[in-house]
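Accompanying notes for the structure given below.
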Amino acid sequence: MSHAHHHGGGAPVAAPTGAPRIALVGSPNAGKTTLFNGLTGLRAKTGNYPGVTVSRYEGRVDTDSGPIVVEDLPGTYSLDPISPDEEIVAQVLDEAAELAGVVVVVDGTNLRRGLGLVAQVQQAALPTVVVLTFVDELLRRGGRVDPERLGRALGVTVLPVVAGERRGVESLRRVLAGPSLWPTPPVLPPTAPDEVVGWAQSVLAAGHFAPPDPDSRTGRLDGVLLHPLWGTLIFFATMFAFFQTIFAVAAPLQGLIEEAFAWLGELARASIPVEWVGRFVADAILAGVGGVLVFLPQIALLFVLISLLEGSGYLSRAAYLMDRVMASAGLEGRAFVALLSSMACAIPGIMATRTLPSAKDRLATMMAAPLMTCSARLPVYVLLIGMLVPSDVRWGPVGAQGAIMFGLYLLGAASAMTSAWFWKRIVGRSGMGLPFYMEMPSYRLPRLRTVLISVWDACAAFLRKITSIILVTTVILWGLLNLPLRGDAELVAAGVDPADSVAVTAYTLDHSAAAAVGRAIAPVFEPLGFDWRVNVGVISSLAAREVFVSTMGQVAAATDPENPTAALKDMTHTDGPRAGEKVFTPPTIAALLVFFVYAMQCMSTLAVMRRETGTWRWPLIAFVHLGVVAWLMAFLAHTIVGVLT
């Protein structure tokens, strides 16, 4: 039985007071987090490039001598801190009194480099165990090492472990049971860089280490995939196919979920005797929340594809290719790691800026991260693209919907780069940049368990969001759209037949509190073609972008419960100079899509930016700045598409 939690959230680790604490230290790509997951059962994300694990994770491990707490520290190549995440590692090891021991995870195929970190860790004079990972790959590529002899040379226990195999994990669990019994070196390694090199050479010789041959398969693939021209073209082709797949594979599943929620809505209206309660369940809960839940297949598929690319080692190649692009924006390659993380969510992307040594680079990257297209935008894009272009429209073998989605992601990425360039010049240059070290792991088949965990965690987070912030916002919106309930006398006085449910719904919506709010801000969004219902959706999406979809789902289901999708497409302006005209015209849809590319519609992102910068100044600047840019770019899109159509 294992338990774990992340600092800053979740329940405390269920370990008795005074349980021994072990620190897990290692360089990125050494298999440290995979090993930690195997020991504790914590489903922590792993990555093939430095900067993903920038926070501290800890978990309980039950051993034969009782529970211990294992802390997974951020990946680092050295204990000479140049960035906030490396400072965390150095700080924890400096507080040696709190630790019972240290486990150093070293990639067996890069043992020479890993010994430098081992030498620095041993300066803490703590009981230490060295875990060698990827020993199977070392042997496959013609290398060798004798862990027992290596351990005698280091004066510590050396344990070969294949991180994904249970046998190795269990042997480490047994060793963890008694940190007080671990051997310690009689003499600490040297600290001067030249002396460390000589020390490492002697340790390797004593351990009968032979380096592995270069991975010929990886070398051949890198010759193509890292080529400045062909590699870049393959990268864009991969991303293009990525979005084609999202539409082609997920659409049938989405249709089934949509039909299921439509059936449940009809059942609720027919089965619940109190009319307004039936409408609440059907329109607020099922249409609102269900309207967002139908996009779960796309979210799952997005993370399947990301996890496959990451697990294979390809995403680190993408980071290498994008390093020269980052340089054009005045940033170093580490910033790409943060921006890449923002494709899932801007929050981990902003937190990943801790890997950047320069405070000015951190700030410029933080301001750019919200422009990377996160998974929260995906439901909005799918909804709007589906109304803009029928699913059967193709340009040769290419589906139009997937091509537009790819274009939106490309627009977000290009805008993020432009934003980083702009803010780098506003906050000023940071002087001489440090070299960007990017390790290229061998290409490997992604582990099925890792892929499944990544997808499950993403879907679980999406479902938690739906059942918390989106559900609460949806219920509030239903109240604003439907309350106060209209009596028959008021309806008759207004010329509405109380027996005509469609007419009653239309009158109620048109005279609701939400309508008043939507009309109050109409002058702001009228040039973009939005009506008051779209305005309400835009305002509500400040809680979470997906709420825009649930708002439209509520309005459509209330108008035509039999076919909410058609009701949305046929929605017309109810007043003003455009009364009677369709709301979702191509220019308006284009304006909405572009607005969602730029607008900062995520209060959680603002809160994390406040925490990382230590002030509300920069989050508020980002919110206002991106809001203005979103309106201007949406107006430009509305105008251009209006001329073309």
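Letters for chains follow the order of the structure tokens (A, B, ...), residue numbers begin at 1 for each chain, and ligand numbers begin at 1 in the order shown.
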I want to know what sits within 9 Å of range 211-221 of chain A, based on only C-alpha atoms, with residues of the same chain fewer than 2 positions away left out; could you give that as number ranges by chain? A: 108-112, 137-145, 209, 223-226, 441-443
Long-range neighbours of range 371-387 of chain A as a VMD selection string, 6 Å cut-off, only C-alpha atoms, 4 positions minimum in chain: chain A and resid 295 342 to 345 409 412 to 413 416 545 598
Would you pick out the contacts of Val643 in chain A at 12 Å or less, using only C-alpha atoms, so that residues sharing its chain but fewer than 6 positions from it are not included, and give the list as an MDAnalysis selection string? chainID A and resid 586:587 636:637
Keeping only all heavy atoms, write the selected residues as a CSV table (one decimal), in the first residue's frame.
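Output below, filename selection.csv:
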```csv
chain,number,residue,atom,x,y,z
A,586,PRO,N,-20.3,32.8,-40.5
A,586,PRO,CA,-18.8,32.5,-40.6
A,586,PRO,C,-18.0,33.7,-40.0
A,586,PRO,O,-17.0,33.4,-39.3
A,586,PRO,CB,-18.6,32.4,-42.1
A,586,PRO,CG,-19.9,31.8,-42.6
A,586,PRO,CD,-21.0,32.4,-41.8
A,587,PRO,N,-18.3,35.0,-40.3
A,587,PRO,CA,-17.5,36.0,-39.6
A,587,PRO,C,-17.5,36.0,-38.1
A,587,PRO,O,-16.5,36.2,-37.4
A,587,PRO,CB,-18.1,37.3,-40.2
A,587,PRO,CG,-18.8,36.9,-41.4
A,587,PRO,CD,-19.3,35.6,-41.2
A,636,LEU,N,-10.5,41.9,-36.5
A,636,LEU,CA,-9.8,41.8,-37.7
A,636,LEU,C,-10.3,40.5,-38.4
A,636,LEU,O,-10.5,40.5,-39.7
A,636,LEU,CB,-8.3,41.7,-37.5
A,636,LEU,CG,-7.4,41.6,-38.7
A,636,LEU,CD1,-7.5,42.8,-39.5
A,636,LEU,CD2,-5.9,41.4,-38.3
A,637,ALA,N,-10.4,39.4,-37.7
A,637,ALA,CA,-10.9,38.2,-38.3
A,637,ALA,C,-12.3,38.3,-38.8
A,637,ALA,O,-12.7,37.8,-39.9
A,637,ALA,CB,-10.8,37.0,-37.3
```
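Here CA of Cys459 in chain A is placed at a distance of 26.9 Å from CA of Thr365 in chain A.
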Would you please extract all helix (DSSP H, G or I) residues from range 247-447 of chain A, as assigned by DSSP on the backbone, and give them as JSON, numbers by chain? {"A": [247, 248, 249, 250, 251, 252, 253, 254, 255, 256, 257, 258, 259, 260, 261, 262, 263, 264, 265, 266, 267, 268, 269, 270, 271, 275, 276, 277, 278, 279, 280, 281, 282, 283, 284, 285, 286, 287, 288, 289, 290, 291, 292, 293, 296, 297, 298, 299, 300, 301, 302, 303, 304, 305, 306, 307, 308, 309, 310, 311, 314, 315, 316, 317, 318, 319, 320, 321, 322, 323, 324, 325, 326, 327, 328, 334, 335, 336, 337, 338, 339, 340, 341, 346, 347, 348, 349, 350, 351, 352, 353, 354, 355, 359, 360, 361, 362, 363, 364, 365, 366, 367, 368, 369, 370, 371, 377, 378, 379, 380, 381, 382, 383, 384, 385, 386, 387, 388, 400, 401, 402, 403, 404, 405, 406, 407, 408, 409, 410, 411, 412, 413, 414, 415, 416, 417, 418, 419, 420, 421, 422, 423, 424, 425, 426, 427]}
Selection near Ser171 in chain A, 12 Å with only C-alpha atoms, sequence-local residues under 6 positions removed, as an mmCIF file with all heavy atoms, in the first residue's frame:
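Final output, saved to out08.cif:
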```cif
data_model
loop_
_atom_site.group_PDB
_atom_site.id
_atom_site.type_symbol
_atom_site.label_atom_id
_atom_site.label_comp_id
_atom_site.auth_asym_id
_atom_site.auth_seq_id
_atom_site.Cartn_x
_atom_site.Cartn_y
_atom_site.Cartn_z
ATOM 1 N N LEU A 35 10.803 5.499 -11.316
ATOM 2 C CA LEU A 35 11.166 4.703 -10.141
ATOM 3 C C LEU A 35 10.338 5.123 -8.931
ATOM 4 O O LEU A 35 9.830 4.281 -8.173
ATOM 5 C CB LEU A 35 12.654 4.893 -9.858
ATOM 6 C CG LEU A 35 13.285 3.994 -8.801
ATOM 7 C CD1 LEU A 35 13.269 2.541 -9.250
ATOM 8 C CD2 LEU A 35 14.714 4.452 -8.529
ATOM 9 N N GLY A 38 6.891 3.769 -9.151
ATOM 10 C CA GLY A 38 6.850 2.345 -8.812
ATOM 11 C C GLY A 38 6.919 2.104 -7.323
ATOM 12 O O GLY A 38 6.282 1.187 -6.794
ATOM 13 N N LEU A 39 7.691 2.940 -6.614
ATOM 14 C CA LEU A 39 7.823 2.777 -5.166
ATOM 15 C C LEU A 39 6.575 3.219 -4.413
ATOM 16 O O LEU A 39 6.143 2.566 -3.460
ATOM 17 C CB LEU A 39 9.014 3.594 -4.652
ATOM 18 C CG LEU A 39 10.416 3.047 -4.915
ATOM 19 C CD1 LEU A 39 11.455 4.097 -4.577
ATOM 20 C CD2 LEU A 39 10.651 1.777 -4.111
ATOM 21 N N THR A 63 7.788 -0.389 4.129
ATOM 22 C CA THR A 63 8.890 -1.356 4.069
ATOM 23 C C THR A 63 8.761 -2.336 5.226
ATOM 24 O O THR A 63 7.902 -2.183 6.099
ATOM 25 C CB THR A 63 10.249 -0.629 4.156
ATOM 26 O OG1 THR A 63 10.396 -0.088 5.480
ATOM 27 C CG2 THR A 63 10.331 0.511 3.138
ATOM 28 N N ASP A 64 9.664 -3.324 5.257
ATOM 29 C CA ASP A 64 9.611 -4.340 6.320
ATOM 30 C C ASP A 64 9.836 -3.734 7.702
ATOM 31 O O ASP A 64 9.359 -4.260 8.710
ATOM 32 C CB ASP A 64 10.671 -5.422 6.056
ATOM 33 C CG ASP A 64 10.356 -6.220 4.799
ATOM 34 O OD1 ASP A 64 9.176 -6.197 4.383
ATOM 35 O OD2 ASP A 64 11.284 -6.832 4.235
ATOM 36 N N VAL A 131 21.429 4.157 -7.510
ATOM 37 C CA VAL A 131 20.610 3.262 -8.324
ATOM 38 C C VAL A 131 20.994 3.459 -9.785
ATOM 39 O O VAL A 131 20.940 4.578 -10.303
ATOM 40 C CB VAL A 131 19.104 3.548 -8.125
ATOM 41 C CG1 VAL A 131 18.274 2.775 -9.136
ATOM 42 C CG2 VAL A 131 18.675 3.187 -6.712
ATOM 43 N N VAL A 158 25.448 0.059 -4.601
ATOM 44 C CA VAL A 158 25.023 0.344 -5.976
ATOM 45 C C VAL A 158 24.052 -0.738 -6.392
ATOM 46 O O VAL A 158 24.359 -1.934 -6.321
ATOM 47 C CB VAL A 158 26.216 0.410 -6.940
ATOM 48 C CG1 VAL A 158 25.722 0.544 -8.379
ATOM 49 C CG2 VAL A 158 27.121 1.574 -6.584
ATOM 50 N N LEU A 159 22.868 -0.321 -6.807
ATOM 51 C CA LEU A 159 21.789 -1.259 -7.105
ATOM 52 C C LEU A 159 21.344 -1.077 -8.555
ATOM 53 O O LEU A 159 20.863 0.003 -8.927
ATOM 54 C CB LEU A 159 20.609 -0.991 -6.160
ATOM 55 C CG LEU A 159 19.517 -2.035 -6.043
ATOM 56 C CD1 LEU A 159 20.066 -3.316 -5.442
ATOM 57 C CD2 LEU A 159 18.388 -1.493 -5.168
ATOM 58 N N PRO A 160 21.514 -2.091 -9.420
ATOM 59 C CA PRO A 160 21.010 -1.973 -10.789
ATOM 60 C C PRO A 160 19.497 -2.199 -10.821
ATOM 61 O O PRO A 160 18.997 -3.169 -10.251
ATOM 62 C CB PRO A 160 21.746 -3.085 -11.537
ATOM 63 C CG PRO A 160 22.073 -4.103 -10.495
ATOM 64 C CD PRO A 160 22.220 -3.359 -9.185
ATOM 65 N N VAL A 161 18.781 -1.285 -11.446
ATOM 66 C CA VAL A 161 17.321 -1.356 -11.485
ATOM 67 C C VAL A 161 16.843 -0.955 -12.874
ATOM 68 O O VAL A 161 17.313 0.040 -13.427
ATOM 69 C CB VAL A 161 16.680 -0.409 -10.432
ATOM 70 C CG1 VAL A 161 15.183 -0.278 -10.659
ATOM 71 C CG2 VAL A 161 16.942 -0.918 -9.033
ATOM 72 N N VAL A 162 15.939 -1.751 -13.424
ATOM 73 C CA VAL A 162 15.212 -1.316 -14.618
ATOM 74 C C VAL A 162 13.926 -0.700 -14.105
ATOM 75 O O VAL A 162 13.065 -1.389 -13.548
ATOM 76 C CB VAL A 162 14.925 -2.490 -15.577
ATOM 77 C CG1 VAL A 162 14.110 -2.016 -16.780
ATOM 78 C CG2 VAL A 162 16.237 -3.113 -16.036
ATOM 79 N N ALA A 163 13.800 0.631 -14.251
ATOM 80 C CA ALA A 163 12.772 1.386 -13.523
ATOM 81 C C ALA A 163 11.366 0.858 -13.737
ATOM 82 O O ALA A 163 10.533 0.948 -12.859
ATOM 83 C CB ALA A 163 12.845 2.864 -13.924
ATOM 84 N N GLU A 165 10.463 -2.271 -14.177
ATOM 85 C CA GLU A 165 10.270 -3.665 -13.787
ATOM 86 C C GLU A 165 10.070 -3.771 -12.278
ATOM 87 O O GLU A 165 10.824 -3.192 -11.489
ATOM 88 C CB GLU A 165 11.481 -4.503 -14.218
ATOM 89 C CG GLU A 165 11.568 -4.679 -15.732
ATOM 90 C CD GLU A 165 12.702 -5.612 -16.119
ATOM 91 O OE1 GLU A 165 13.406 -6.115 -15.211
ATOM 92 O OE2 GLU A 165 12.884 -5.836 -17.329
ATOM 93 N N ALA A 177 14.522 -0.051 3.600
ATOM 94 C CA ALA A 177 14.040 -0.364 4.954
ATOM 95 C C ALA A 177 15.033 0.051 6.035
ATOM 96 O O ALA A 177 14.635 0.309 7.172
ATOM 97 C CB ALA A 177 13.744 -1.859 5.059
#
```
Which polymer residues have any atom within 10 Å of an atom of Met552 in chain A, counting only C-alpha atoms, with same-chain residues fewer than 2 positions away left out, as a list of chain:residue names? A:Ala287, A:Gly288, A:Gly291, A:Leu383, A:Arg533, A:Val534, A:Val536, A:Gly537, A:Val547, A:Phe548, A:Val549, A:Ser550, A:Gln554, A:Val555, A:Ala556, A:Ala557, A:Ala558, A:Pro564, A:Thr565, A:Ala567, A:Leu568
Nearest to Ala346 in chain A by atom-to-atom distance, counting only C-alpha atoms, from A:Thr615, A:Thr238, A:Thr605, A:Ser65: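 Result for the nearest residue to Ala346 in chain A: A:Thr605.
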Can you tell me, as a list in words, what residues are no more than 9 Å from Met366 in chain A when counting only C-alpha atoms, ignoring any on the same chain fewer than 6 positions away?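 Counting only C-alpha atoms, the residues come to Ala338, Leu339, Ala346, Gly349, Ile350, Met351, Thr353, Ala420 and Met609 of chain A.
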Please save N, CA and C atoms of the selected residues as a compact mmCIF listing (two decimals), in the first residue's frame.
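Saved to out_7.txt:
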```txt
# COMPACT_ATOMS: atom_id res chain seq x y z
N ALA A 338 8.79 25.12 -21.09
CA ALA A 338 7.65 25.73 -20.40
C ALA A 338 6.49 25.94 -21.36
N LEU A 339 6.78 26.42 -22.58
CA LEU A 339 5.70 26.66 -23.54
C LEU A 339 5.09 25.35 -24.02
N ALA A 346 -1.80 25.96 -19.12
CA ALA A 346 -0.84 27.05 -18.88
C ALA A 346 -0.27 27.00 -17.47
N GLY A 349 2.86 25.02 -17.30
CA GLY A 349 3.79 25.76 -18.14
C GLY A 349 4.40 26.93 -17.39
N ILE A 350 3.57 27.67 -16.68
CA ILE A 350 4.07 28.81 -15.91
C ILE A 350 4.97 28.32 -14.77
N MET A 351 4.58 27.21 -14.13
CA MET A 351 5.42 26.67 -13.06
C MET A 351 6.76 26.17 -13.61
N THR A 353 8.58 27.56 -15.70
CA THR A 353 9.53 28.65 -15.91
C THR A 353 10.56 28.72 -14.78
N ALA A 420 6.52 36.68 -26.34
CA ALA A 420 7.79 36.53 -25.61
C ALA A 420 8.81 37.56 -26.10
N MET A 609 0.06 32.73 -11.78
CA MET A 609 0.98 33.79 -12.19
C MET A 609 1.26 34.74 -11.01
```
Which polymer residues have any atom within 10 Å of an atom of Val118 in chain A, counting only C-alpha atoms, with same-chain residues fewer than 2 positions away left out, as a list in words?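 Once the adjacent positions are removed, what remains is Val25, Gly26, Ser78, Leu79, Val103, Val104, Val105, Val106, Arg113, Gly114, Leu115, Gly116, Gln120, Val121, Gln122, Gln123, Thr128, Val129, Val130, Leu154, Pro189 and Ala200 of chain A.
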Nearest to Phe280 in chain A, chosen from A:Ala268, A:Val629, A:Ala566, A:Met571, with only C-alpha atoms counted in the distances: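 Smallest distance to Phe280 in chain A is found for A:Ala268.
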Record the distance separating CA of Arg444 in chain A and CA of Ile234 in chain A, expressed in Å with one decimal. 18.6 Å
I need the residue nearest Val203 in chain A from this list: A:Asp500, A:Glu310, A:Glu87, A:Glu148. Use only C-alpha atoms for the distance. A:Glu148
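Nearest residue to Val92 in chain A among A:Arg519, A:Asp72, A:Asp531, A:Thr33 is A:Asp72, counting only C-alpha atoms.
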DSSP on the backbone: which residues in range 364-456 of chain A end up as strand (DSSP E or B)? Give the answer as a PyMOL selection string. chain A and resi 394-395+398-399
Go ahead and write the residues just picked, N, CA and C atoms, as a compact mmCIF listing (two decimals), in the first residue's frame.
```txt
# COMPACT_ATOMS: atom_id res chain seq x y z
N ARG A 394 -13.47 18.28 -47.35
CA ARG A 394 -12.07 17.88 -47.42
C ARG A 394 -11.37 18.64 -48.53
N TRP A 395 -10.08 18.86 -48.33
CA TRP A 395 -9.23 19.44 -49.37
C TRP A 395 -8.29 18.33 -49.80
N VAL A 398 -7.11 15.79 -47.05
CA VAL A 398 -7.03 16.51 -45.77
C VAL A 398 -8.41 16.99 -45.33
N GLY A 399 -8.80 16.66 -44.10
CA GLY A 399 -10.06 17.14 -43.55
C GLY A 399 -9.96 18.61 -43.19
```
So, with only C-alpha atoms as the atoms that count, which of A:Ala19, A:Val517, A:Leu73, A:Val475 lies closest to Ala90 in chain A?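 Ranking A:Ala19, A:Val517, A:Leu73, A:Val475 by distance to Ala90 in chain A, first place goes to A:Leu73.
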